[in-house]
file my_file26.txt (compact mmCIF, C-alpha atoms and all ligand atoms)
# COMPACT_ATOMS: atom_id res chain seq x y z
CA MET A 1 131.79 115.33 119.03
CA ALA A 2 128.02 114.97 119.16
CA GLU A 3 127.97 118.01 121.45
CA LYS A 4 124.73 119.42 120.12
CA SER A 5 122.90 116.05 120.21
CA LYS A 6 124.00 115.69 123.82
CA GLN A 7 122.64 119.13 124.71
CA LEU A 8 119.37 118.53 122.89
CA PHE A 9 118.87 115.14 124.54
CA GLU A 10 119.44 116.71 127.94
CA ARG A 11 116.97 119.49 127.12
CA ALA A 12 114.39 117.11 125.60
CA GLN A 13 114.15 115.08 128.79
CA HIS A 14 112.70 118.08 130.65
CA SER A 15 109.62 118.20 128.45
CA ILE A 16 109.29 114.87 126.58
CA PRO A 17 109.15 111.47 128.38
CA GLY A 18 112.62 110.00 128.00
CA GLY A 19 113.38 112.76 125.54
CA VAL A 20 111.70 110.97 122.62
CA ASN A 21 108.30 110.50 121.04
CA SER A 22 108.83 106.76 120.36
CA PRO A 23 110.88 104.60 122.76
CA VAL A 24 113.46 102.88 120.52
CA ARG A 25 114.75 106.29 119.40
CA ALA A 26 116.23 106.91 122.86
CA PHE A 27 119.11 104.42 122.27
CA LYS A 28 118.36 103.21 125.80
CA SER A 29 119.20 99.58 125.11
CA VAL A 30 122.40 100.27 123.16
CA GLY A 31 123.38 103.03 125.56
CA GLY A 32 124.72 106.48 124.74
CA ILE A 33 123.12 109.60 123.34
CA PRO A 34 120.61 109.42 120.49
CA VAL A 35 121.65 111.28 117.38
CA PHE A 36 119.40 114.27 116.70
CA ILE A 37 118.71 114.66 113.00
CA GLU A 38 118.79 117.93 111.12
CA LYS A 39 117.92 116.75 107.61
CA ALA A 40 118.28 113.93 105.14
CA LYS A 41 118.70 113.48 101.42
CA GLY A 42 118.90 110.26 99.40
CA ALA A 43 120.75 107.58 101.36
CA TYR A 44 122.13 110.00 103.96
CA LEU A 45 121.12 111.46 107.30
CA TYR A 46 122.81 114.58 108.65
CA ASP A 47 122.80 115.14 112.40
CA VAL A 48 122.74 118.45 114.28
CA ASP A 49 126.52 118.23 114.76
CA GLY A 50 127.09 118.05 111.02
CA LYS A 51 127.95 114.35 110.85
CA LYS A 52 126.72 112.34 107.86
CA TYR A 53 125.39 108.79 108.11
CA ILE A 54 124.41 106.09 105.62
CA ASP A 55 120.84 105.38 106.69
CA TYR A 56 119.73 101.76 107.16
CA ILE A 57 116.53 102.69 109.04
CA ASN A 58 114.93 104.95 106.44
CA SER A 59 112.29 106.07 108.93
CA TRP A 60 111.68 102.36 109.64
CA GLY A 61 110.78 101.73 106.03
CA PRO A 62 108.90 104.56 104.33
CA MET A 63 111.95 106.09 102.63
CA ILE A 64 112.22 103.19 100.20
CA LEU A 65 113.32 105.57 97.41
CA GLY A 66 115.65 107.55 99.67
CA HIS A 67 115.03 110.70 101.68
CA ALA A 68 113.44 113.83 100.25
CA TYR A 69 112.48 111.96 97.10
CA GLU A 70 111.89 114.82 94.65
CA PRO A 71 108.42 113.88 93.25
CA VAL A 72 106.98 113.37 96.76
CA VAL A 73 108.44 116.66 98.02
CA LYS A 74 107.08 118.47 94.96
CA ALA A 75 103.61 116.89 95.27
CA ILE A 76 103.36 117.97 98.90
CA GLN A 77 104.49 121.50 98.05
CA ASP A 78 101.93 121.77 95.26
CA LYS A 79 99.09 120.51 97.46
CA VAL A 80 99.73 122.28 100.73
CA ALA A 81 98.51 125.73 99.66
CA ASP A 82 94.98 124.33 99.13
CA SER A 83 94.64 123.77 102.92
CA THR A 84 96.06 120.97 105.00
CA SER A 85 92.79 119.30 106.01
CA PHE A 86 89.06 119.37 105.27
CA GLY A 87 87.46 116.54 107.26
CA ALA A 88 85.32 115.96 104.17
CA PRO A 89 85.70 113.57 101.22
CA THR A 90 88.04 114.32 98.31
CA GLU A 91 88.66 112.80 94.88
CA LEU A 92 92.26 112.13 95.88
CA GLU A 93 91.07 109.58 98.46
CA ILE A 94 89.31 107.62 95.70
CA GLU A 95 92.43 107.73 93.57
CA MET A 96 94.49 106.47 96.51
CA ALA A 97 92.04 103.62 97.22
CA GLU A 98 91.91 102.65 93.52
CA LEU A 99 95.69 102.69 93.32
CA ILE A 100 96.01 100.46 96.39
CA LYS A 101 93.43 98.05 94.92
CA SER A 102 95.35 97.93 91.65
CA MET A 103 98.54 96.94 93.49
CA ALA A 104 97.42 94.79 96.46
CA PRO A 105 95.76 91.40 95.95
CA ASN A 106 92.46 90.63 97.75
CA VAL A 107 91.56 94.22 98.49
CA ASP A 108 88.01 95.15 97.40
CA LEU A 109 87.59 97.94 99.93
CA VAL A 110 90.22 99.89 101.85
CA ARG A 111 89.92 102.38 104.71
CA MET A 112 92.66 104.93 105.36
CA VAL A 113 93.88 105.68 108.89
CA SER A 114 96.85 107.60 110.29
CA SER A 115 99.20 104.88 111.56
CA GLY A 116 100.02 101.19 111.43
CA THR A 117 98.75 100.84 115.00
CA GLU A 118 95.35 102.17 114.01
CA ALA A 119 95.24 99.89 110.98
CA CYS A 120 95.94 96.73 113.02
CA MET A 121 93.69 97.78 115.89
CA SER A 122 90.81 98.39 113.49
CA ALA A 123 91.41 95.14 111.58
CA ILE A 124 91.15 93.17 114.82
CA ARG A 125 87.94 94.94 115.83
CA LEU A 126 86.53 94.22 112.38
CA ALA A 127 87.50 90.54 112.58
CA ARG A 128 85.80 90.32 115.98
CA GLY A 129 82.70 92.14 114.78
CA TYR A 130 82.52 89.97 111.66
CA THR A 131 82.99 86.61 113.39
CA GLY A 132 81.29 87.43 116.70
CA ARG A 133 84.30 85.89 118.47
CA ASN A 134 86.67 87.51 121.00
CA LYS A 135 90.10 85.90 120.90
CA ILE A 136 93.01 86.51 118.56
CA ILE A 137 96.25 84.64 117.98
CA LYS A 138 99.48 86.58 117.50
CA PHE A 139 103.08 85.44 117.41
CA GLU A 140 105.84 86.00 119.97
CA GLY A 141 108.13 88.78 118.80
CA CYS A 142 105.68 90.15 116.24
CA TYR A 143 104.70 93.79 116.66
CA HIS A 144 101.38 95.14 115.46
CA GLY A 145 101.49 98.59 117.01
CA HIS A 146 100.74 99.66 120.56
CA ALA A 147 97.01 98.91 120.86
CA ASP A 148 96.23 97.01 124.10
CA SER A 149 95.52 93.64 122.44
CA PHE A 150 98.94 93.51 120.81
CA LEU A 151 101.15 94.27 123.80
CA VAL A 152 101.47 90.63 124.74
CA LYS A 153 104.86 89.03 123.97
CA ALA A 154 105.48 91.76 121.44
CA GLY A 155 108.60 92.53 119.44
CA SER A 156 110.23 95.84 118.53
CA GLY A 157 110.65 98.21 121.49
CA LEU A 158 109.02 95.79 123.93
CA ALA A 159 111.59 93.13 123.07
CA THR A 160 114.37 95.70 123.09
CA PHE A 161 113.49 96.94 126.59
CA ASN A 162 112.46 93.46 127.81
CA ILE A 163 108.94 94.58 128.69
CA GLN A 164 106.97 91.36 129.28
CA THR A 165 103.68 92.74 130.55
CA VAL A 166 102.53 96.30 130.07
CA PRO A 167 100.98 98.08 133.06
CA GLY A 168 97.71 99.59 131.88
CA VAL A 169 96.68 96.65 129.72
CA THR A 170 93.88 94.92 131.63
CA ALA A 171 94.02 91.21 132.36
CA GLY A 172 90.76 90.85 130.45
CA VAL A 173 92.22 92.26 127.25
CA ALA A 174 95.44 90.28 127.64
CA ALA A 175 93.45 87.06 128.15
CA ASP A 176 91.89 87.46 124.71
CA THR A 177 95.32 87.51 123.04
CA LEU A 178 96.75 84.03 122.60
CA THR A 179 100.35 83.64 121.48
CA ALA A 180 102.43 81.03 119.71
CA ALA A 181 106.07 80.91 118.64
CA TYR A 182 106.69 82.13 115.09
CA ASN A 183 107.02 79.17 112.71
CA ASP A 184 105.31 76.79 115.16
CA LEU A 185 102.24 75.54 113.29
CA ASP A 186 101.54 72.77 115.82
CA ALA A 187 101.25 75.32 118.61
CA VAL A 188 98.67 77.25 116.60
CA GLN A 189 96.70 74.07 115.88
CA GLU A 190 96.70 73.32 119.60
CA LEU A 191 95.42 76.81 120.49
CA VAL A 192 92.70 76.48 117.90
CA ASN A 193 91.67 73.05 119.26
CA THR A 194 91.60 74.31 122.84
CA HIS A 195 89.60 77.42 121.94
CA LYS A 196 87.27 75.92 119.34
CA GLY A 197 84.93 78.53 117.86
CA GLU A 198 86.42 81.34 119.97
CA ILE A 199 89.14 82.69 117.69
CA ALA A 200 88.29 85.68 115.54
CA ALA A 201 91.64 86.24 113.86
CA ILE A 202 95.20 85.14 113.39
CA ILE A 203 97.42 88.16 112.79
CA ILE A 204 100.98 87.78 111.56
CA GLU A 205 103.87 89.65 109.98
CA PRO A 206 104.29 87.46 106.86
CA ILE A 207 108.00 88.30 106.96
CA ALA A 208 108.68 89.27 110.56
CA GLY A 209 110.69 92.46 111.02
CA ASN A 210 110.28 93.32 114.67
CA MET A 211 112.67 90.74 116.16
CA GLY A 212 115.27 91.27 113.47
CA CYS A 213 114.27 89.91 110.08
CA ILE A 214 112.75 86.44 110.41
CA LEU A 215 111.43 84.33 107.55
CA PRO A 216 108.45 81.99 107.64
CA LYS A 217 109.46 78.36 107.15
CA PRO A 218 108.13 76.70 103.99
CA GLY A 219 104.53 75.66 104.62
CA PHE A 220 104.05 77.76 107.77
CA LEU A 221 101.89 80.51 106.27
CA GLU A 222 100.12 77.99 104.02
CA GLY A 223 99.34 75.96 107.14
CA LEU A 224 97.90 79.00 108.90
CA ARG A 225 95.84 79.78 105.81
CA SER A 226 94.29 76.32 105.84
CA ILE A 227 93.59 76.41 109.60
CA CYS A 228 91.80 79.74 109.08
CA ASP A 229 89.77 78.31 106.19
CA LYS A 230 88.75 75.27 108.20
CA GLU A 231 87.83 77.17 111.37
CA GLY A 232 86.29 80.33 109.90
CA ILE A 233 89.09 82.45 111.35
CA VAL A 234 90.01 85.78 109.70
CA PHE A 235 93.62 85.61 108.48
CA ILE A 236 95.25 89.03 108.82
CA PHE A 237 98.55 89.88 107.16
CA ASP A 238 100.17 92.79 108.95
CA GLU A 239 101.97 94.27 105.96
CA VAL A 240 102.89 97.52 107.69
CA MET A 241 106.55 96.71 106.97
CA THR A 242 106.27 94.40 103.97
CA GLY A 243 103.50 96.20 102.06
CA PHE A 244 104.77 97.92 98.89
CA ARG A 245 108.32 97.00 100.02
CA LEU A 246 108.69 93.34 99.05
CA ALA A 247 106.69 93.85 95.87
CA ALA A 248 103.98 96.19 94.60
CA GLY A 249 101.50 93.69 96.04
CA GLY A 250 103.54 93.14 99.21
CA ALA A 251 104.03 89.77 100.86
CA GLN A 252 100.71 88.48 99.52
CA GLU A 253 102.04 88.80 95.98
CA LYS A 254 105.62 87.81 96.76
CA LEU A 255 104.67 84.66 98.71
CA GLY A 256 101.53 83.84 96.74
CA ILE A 257 99.34 83.58 99.83
CA ASN A 258 95.97 85.27 100.26
CA ALA A 259 95.03 87.08 103.42
CA ASP A 260 91.45 87.96 104.40
CA LEU A 261 92.44 91.36 105.75
CA VAL A 262 95.66 93.29 105.18
CA THR A 263 97.07 96.20 107.15
CA TYR A 264 99.45 98.81 105.79
CA GLY A 265 101.60 101.60 107.16
CA LYS A 266 105.13 102.94 106.67
CA VAL A 267 105.75 102.95 102.85
CA ILE A 268 102.07 103.71 102.14
CA GLY A 269 102.43 107.28 103.42
CA GLY A 270 105.70 108.18 101.72
CA GLY A 271 106.90 109.47 105.11
CA MET A 272 103.59 111.05 106.19
CA PRO A 273 101.42 109.53 108.97
CA VAL A 274 99.32 107.04 107.00
CA GLY A 275 97.99 103.55 107.58
CA ALA A 276 95.27 101.49 105.92
CA PHE A 277 93.37 98.27 106.31
CA GLY A 278 91.50 96.49 103.60
CA GLY A 279 90.22 93.21 102.28
CA LYS A 280 87.31 91.36 100.80
CA LYS A 281 84.00 93.19 100.57
CA GLU A 282 82.26 90.46 102.54
CA ILE A 283 84.29 91.41 105.61
CA MET A 284 84.95 95.11 104.95
CA GLN A 285 81.24 95.91 104.53
CA HIS A 286 80.85 95.50 108.29
CA ILE A 287 82.78 98.74 108.83
CA ALA A 288 80.72 101.88 109.59
CA PRO A 289 78.90 103.55 107.88
CA LEU A 290 78.17 100.36 105.83
CA GLY A 291 77.95 98.25 108.98
CA ASN A 292 78.11 98.72 112.72
CA VAL A 293 81.79 98.06 113.42
CA TYR A 294 82.73 101.61 114.25
CA GLN A 295 86.00 103.15 113.14
CA ALA A 296 86.75 106.79 112.36
CA GLY A 297 89.46 109.46 112.17
CA THR A 298 89.45 113.26 111.99
CA LEU A 299 92.61 113.30 109.89
CA SER A 300 92.03 109.99 108.04
CA GLY A 301 92.63 110.48 104.32
CA ASN A 302 94.30 113.81 105.00
CA PRO A 303 95.09 115.46 101.63
CA ILE A 304 98.78 116.12 102.30
CA ALA A 305 99.30 112.59 103.59
CA MET A 306 97.36 111.18 100.63
CA ILE A 307 99.32 113.07 97.98
CA ALA A 308 102.61 111.94 99.52
CA GLY A 309 101.45 108.31 99.71
CA TYR A 310 99.83 108.37 96.29
CA THR A 311 102.97 109.75 94.63
CA MET A 312 105.13 107.15 96.37
CA LEU A 313 102.88 104.21 95.48
CA LYS A 314 102.39 105.37 91.89
CA THR A 315 106.16 105.48 91.41
CA LEU A 316 106.49 101.98 92.84
CA LYS A 317 103.69 100.66 90.63
CA ASP A 318 105.04 102.27 87.46
CA THR A 319 108.68 101.31 88.12
CA PRO A 320 108.86 97.56 88.79
CA SER A 321 112.65 97.78 88.36
CA VAL A 322 112.71 99.39 91.83
CA TYR A 323 112.18 95.95 93.34
CA THR A 324 114.94 94.35 91.27
CA GLU A 325 117.26 97.17 92.28
CA LEU A 326 116.36 96.88 95.98
CA ASN A 327 116.88 93.14 95.82
CA GLU A 328 120.26 93.41 94.12
CA LYS A 329 121.52 96.07 96.51
CA THR A 330 120.42 94.15 99.57
CA ALA A 331 121.86 90.91 98.17
CA SER A 332 125.18 92.66 97.59
CA LEU A 333 125.17 93.97 101.18
CA HIS A 334 124.28 90.47 102.38
CA GLU A 335 127.14 88.93 100.42
CA GLY A 336 129.64 91.56 101.62
CA LEU A 337 128.66 91.19 105.28
CA ASP A 338 128.69 87.42 104.95
CA LYS A 339 132.30 87.54 103.70
CA ALA A 340 133.40 89.97 106.43
CA PHE A 341 131.88 87.81 109.18
CA ALA A 342 133.16 84.56 107.69
CA GLU A 343 136.74 85.94 107.88
CA SER A 344 136.28 86.45 111.63
CA ASN A 345 135.44 83.77 114.17
CA VAL A 346 132.43 85.69 115.48
CA PRO A 347 129.24 83.59 115.37
CA TYR A 348 126.65 85.20 113.15
CA THR A 349 123.41 84.67 111.28
CA ILE A 350 122.24 86.99 108.54
CA ASN A 351 118.56 86.78 107.62
CA ARG A 352 117.24 88.50 104.55
CA PHE A 353 114.13 88.69 102.46
CA GLY A 354 114.04 91.23 99.64
CA SER A 355 115.14 94.58 101.04
CA MET A 356 114.76 93.54 104.69
CA ILE A 357 117.91 92.22 106.35
CA SER A 358 119.32 91.76 109.84
CA VAL A 359 122.43 90.50 111.58
CA HIS A 360 122.17 88.34 114.70
CA PHE A 361 125.28 87.42 116.66
CA SER A 362 124.20 83.80 116.83
CA GLU A 363 125.69 80.61 115.40
CA LYS A 364 122.28 78.94 115.40
CA PRO A 365 119.61 79.79 112.85
CA VAL A 366 117.30 82.58 114.00
CA THR A 367 113.75 81.47 113.24
CA ASP A 368 111.64 82.84 116.10
CA PHE A 369 111.78 85.14 119.10
CA ALA A 370 113.55 82.63 121.37
CA SER A 371 116.42 82.16 118.93
CA ALA A 372 116.65 85.93 118.35
CA ALA A 373 116.81 86.49 122.12
CA ALA A 374 119.47 83.76 122.53
CA ALA A 375 121.90 85.68 120.29
CA ASN A 376 124.68 87.81 121.76
CA ASN A 377 122.74 91.06 121.72
CA ALA A 378 125.30 92.84 123.92
CA LEU A 379 127.73 92.35 121.03
CA PHE A 380 125.13 93.76 118.64
CA ASN A 381 125.00 96.90 120.78
CA GLN A 382 128.80 97.23 120.46
CA TYR A 383 128.49 96.72 116.71
CA PHE A 384 125.82 99.42 116.56
CA HIS A 385 128.08 102.00 118.23
CA ALA A 386 131.12 101.08 116.15
CA MET A 387 129.07 101.51 113.00
CA LEU A 388 127.61 104.80 114.19
CA GLN A 389 131.19 106.06 114.67
CA GLU A 390 131.91 104.98 111.10
CA GLY A 391 128.91 106.96 109.83
CA VAL A 392 126.57 103.99 109.40
CA TYR A 393 123.17 104.37 111.03
CA LEU A 394 121.77 100.94 111.94
CA PRO A 395 118.64 100.28 113.98
CA PRO A 396 119.62 100.66 117.67
CA SER A 397 118.49 97.14 118.53
CA ALA A 398 119.05 93.57 117.32
CA TYR A 399 115.25 93.21 117.41
CA GLU A 400 114.75 95.38 114.35
CA SER A 401 115.10 94.81 110.65
CA TRP A 402 117.29 97.06 108.53
CA PHE A 403 115.54 98.70 105.58
CA ILE A 404 117.31 99.31 102.30
CA SER A 405 116.49 102.17 99.94
CA THR A 406 117.23 102.53 96.23
CA ALA A 407 119.35 105.58 97.08
CA LEU A 408 122.05 103.35 98.61
CA SER A 409 125.15 103.29 96.36
CA THR A 410 127.73 100.57 95.74
CA GLU A 411 130.22 102.76 97.64
CA ASP A 412 127.84 103.03 100.61
CA ILE A 413 127.51 99.25 100.71
CA GLN A 414 131.30 98.83 100.43
CA HIS A 415 131.85 101.29 103.28
CA THR A 416 129.33 99.40 105.44
CA VAL A 417 131.09 96.11 104.76
CA ASP A 418 134.56 97.60 105.39
CA ALA A 419 133.39 99.20 108.63
CA THR A 420 131.96 95.85 109.73
CA ARG A 421 135.28 94.17 108.93
CA ARG A 422 137.18 96.76 111.01
CA PHE A 423 134.75 96.21 113.91
CA LEU A 424 135.22 92.44 113.78
CA LYS A 425 139.03 92.73 113.57
CA ASN A 426 139.14 95.01 116.64
CA LEU A 427 137.19 92.63 118.87
C1 LIG A 501 105.59 99.72 112.60
C2 LIG A 501 104.66 98.60 112.67
C3 LIG A 501 103.36 98.74 113.16
C4 LIG A 501 102.89 100.01 113.82
O1 LIG A 501 102.84 101.08 112.95
P1 LIG A 501 102.86 102.58 113.55
O2 LIG A 501 102.68 103.43 112.34
O3 LIG A 501 104.17 102.73 114.23
O4 LIG A 501 101.72 102.68 114.50
C5 LIG A 501 102.51 97.68 113.07
N1 LIG A 501 102.91 96.52 112.51
C6 LIG A 501 104.14 96.34 112.03
C7 LIG A 501 104.51 95.05 111.39
C8 LIG A 501 105.06 97.36 112.11
O5 LIG A 501 106.31 97.16 111.68

call {"tool": "encode", "arguments": {"input": "my_file26.txt", "output": "C-alpha cells", "more": "lines below"}}
Ligand SMILES: *Cc1c(COP(=O)(O)O)cnc(C)c1O
result
Amino acid sequence: MAEKSKQLFERAQHSIPGGVNSPVRAFKSVGGIPVFIEKAKGAYLYDVDGKKYIDYINSWGPMILGHAYEPVVKAIQDKVADSTSFGAPTELEIEMAELIKSMAPNVDLVRMVSSGTEACMSAIRLARGYTGRNKIIKFEGCYHGHADSFLVKAGSGLATFNIQTVPGVTAGVAADTLTAAYNDLDAVQELVNTHKGEIAAIIIEPIAGNMGCILPKPGFLEGLRSICDKEGIVFIFDEVMTGFRLAAGGAQEKLGINADLVTYGKVIGGGMPVGAFGGKKEIMQHIAPLGNVYQAGTLSGNPIAMIAGYTMLKTLKDTPSVYTELNEKTASLHEGLDKAFAESNVPYTINRFGSMISVHFSEKPVTDFASAAAANNALFNQYFHAMLQEGVYLPPSAYESWFISTALSTEDIQHTVDATRRFLKNL
C-alpha cells in the first residue's frame, strides 16, 4: 500500500526541502508518508497508488465547486492558446475587478496579486503608508501568509509545527506586530491605549480558519470596528479563506460588518495562483501608480489565472443556491459527526460556520488559540490516519479548517460519519 507515494516522498527529499513546497503537506505533525496526488475530479482525489479519497481540503478552499469544475477547465483551455502572459493590461482584468466589486462590499478599487500572502503583505504596507504609523495588531493563531510581519504567534503550519519565533524575521519587524488573543476585545483596547497613535492596522480572519475553525463571539468584530473608527486605525478583513466562500460578498456580507481593506486568495483564483486586496478609494488611491505606496507583480493579473478566477466567481455570483447547498451539506456533516461523537465518551467540540468546519478533541469550547492548543491534538493525529485509511482526506492538523465543496454527496458524508464512528469505537 502507498508504495509509490513512499518512493516519491523519498525521492522528493533529495531535491525539495522536506520533500514539499509548503510545510503542512509533509504530514510531519501527524507522522507517516504524505499522499502524492495524481488527479482529482469532483469530490475525489486519486493518489499515485490508485487510492480514492473524499477530499475535505479542496486545495485549502479554492475547489468550492469540486475539482476540475468543467467551466473553469474549459475557460482555461480556450484562453491558453493566446499566450500565457503579457505583462501588459487586458480587458479581462477590468472584467475581473468589476465582478469583484459587484460581489464584495466596500471595494471601490482592487489590485490583483498572485497569492494570499502578497495580498495581506501589500494591505499592511498600504495601511502603514496611509496612516503614517508603523505597528499592526494581529491575533494569536491567525495566519495571514508568510510575510515577515505576520510570523508572530501565527496559526496554520506555524501552530502545527510549534514554531514560536521564526529565524530570519528581525526583532525590529517583530516588534511592530502586536498580538492579542482571538475574541479578547479588552486586550485589543489595552494595546491601543498603550500604543496611542502608533497602530496602522488591525488585521483579522473574520471567521478564523488557521487554528481549526473558530468563530468570533457576538460583539467582538463590532467592537474592533468601533475601536478602529475611534482611533483612525485601518480595519483589515483577511478574507483569503472566507471570501466568496461564506457568501458572494464573503464575511463582510455574511456578518454585516464593514472592513476598510479586504484581502482575498484561495477561491478567487479558481485553483490558479491569485490573490487580491481592495477597499475604499480614499485608502486604495495611495497605491502606485496613483500614490507612492509601491506594489507590483510581473504575473499579477495573469490572463490564465484571471479567466479561471473570473469563471469561478461568475458562477458563484449567478448561482446563489451554491451557498444554500454548501450550508446544508456542511450542516448535515456536522449533525452526523455530532451524533457519532455523542455516542462515544470521547470529549469533542465541533465548530462550524457555513462551509468551514473543524473537530477539536476538547470538552471545553474552542474560542481562541489557547483553547485549540489545549485539545488532545495527538488524538486528532490518530483520527487523521484512521480517516485516511478509510479514504477520507482531512487536513493533516487540528489547526486547520476543513473545506466543503458542492461536489460532496450524501453518500460521501455518510461514509465520513460511519468512518468516524468506527474510529471512535476502536479507541
Ligand atoms: C491561506 C491564507 C493566507 C495565505 O495565502 P497564500 O495564497 O497561501 O499565500 C493568508 N490568509 C489566510 C486567512 C489564509 O487562510

call {"tool": "closest_atom_pairs", "arguments": {"input": "my_file26.txt", "of": "chain A", "to": "ligand LIG 501 (chain A)", "cutoff": "9 Å", "atoms": "all atoms listed in the file", "output": "tab-separated table"}}
result
residue	atom	partner	partner_atom	distance
A:Ser22	CA	A:LIG501	O3	8.7
A:Trp60	CA	A:LIG501	C1	7.3
A:Gly61	CA	A:LIG501	O5	8.5
A:Ser114	CA	A:LIG501	O2	7.5
A:Ser115	CA	A:LIG501	O2	3.8
A:Gly116	CA	A:LIG501	O1	3.2
A:Thr117	CA	A:LIG501	O4	3.5
A:Glu118	CA	A:LIG501	O4	6.4
A:Ala119	CA	A:LIG501	C5	7.9
A:Cys120	CA	A:LIG501	C5	6.6
A:Cys142	CA	A:LIG501	C7	7.0
A:Tyr143	CA	A:LIG501	N1	5.3
A:His144	CA	A:LIG501	N1	3.6
A:Gly145	CA	A:LIG501	C4	3.8
A:His146	CA	A:LIG501	O4	6.8
A:Ala147	CA	A:LIG501	O4	8.8
A:Ser156	CA	A:LIG501	O5	8.0
A:Ile204	CA	A:LIG501	C7	8.1
A:Glu205	CA	A:LIG501	C7	5.6
A:Pro206	CA	A:LIG501	C7	8.8
A:Ile207	CA	A:LIG501	C7	8.8
A:Ala208	CA	A:LIG501	C7	7.2
A:Gly209	CA	A:LIG501	O5	6.5
A:Asn210	CA	A:LIG501	O5	6.3
A:Phe237	CA	A:LIG501	C7	9.0
A:Asp238	CA	A:LIG501	C7	5.5
A:Glu239	CA	A:LIG501	C7	6.0
A:Val240	CA	A:LIG501	C6	4.7
A:Met241	CA	A:LIG501	O5	4.7
A:Thr242	CA	A:LIG501	C7	7.7
A:Thr263	CA	A:LIG501	N1	7.9
A:Tyr264	CA	A:LIG501	N1	7.9
A:Gly265	CA	A:LIG501	O2	5.6
A:Lys266	CA	A:LIG501	O2	6.2
A:Pro273	CA	A:LIG501	O2	7.1
A:Val274	CA	A:LIG501	O2	7.3
A:Gly275	CA	A:LIG501	O2	6.7

call {"tool": "closest_residue", "arguments": {"input": "my_file26.txt", "among": "A:Thr324, A:Ser102, A:Ser405, A:Gln389", "to": "Tyr53 in chain A", "atoms": "all atoms listed in the file"}}
result
A:Gln389

call {"tool": "residues_around", "arguments": {"input": "my_file26.txt", "residues": "range 411-415 of chain A", "least_positions_apart": "5", "cutoff": "9 Å", "atoms": "all atoms listed in the file", "output": "list in words"}}
result
Ala43, Ile54, Lys329, Thr330, Ser332, Leu333, Gly336, Glu390, Val392 and Thr420 of chain A

call {"tool": "closest_residue", "arguments": {"input": "my_file26.txt", "among": "A:Asp55, A:Ile33, A:Gly19, A:His67", "to": "Tyr393 in chain A", "atoms": "all atoms listed in the file"}}
result
A:Asp55

call {"tool": "closest_residue", "arguments": {"input": "my_file26.txt", "among": "A:Leu158, A:Val35, A:Ile283, A:Ala370", "to": "Ala180 in chain A", "atoms": "all atoms listed in the file"}}
result
A:Ala370

call {"tool": "closest_residue", "arguments": {"input": "my_file26.txt", "among": "A:Asp184, A:Glu98, A:Glu400, A:Glu231", "to": "Glu198 in chain A", "atoms": "only C-alpha atoms"}}
result
A:Glu231

call {"tool": "axis_aligned_box", "arguments": {"input": "my_file26.txt", "around": "range 389-396 of chain A", "padding_each_side": "5 Å", "output": "lines of an AutoDock Vina configuration file"}}
result
center_x = 125.3
center_y = 103.6
center_z = 113.5
size_x = 23.3
size_y = 16.7
size_z = 18.3
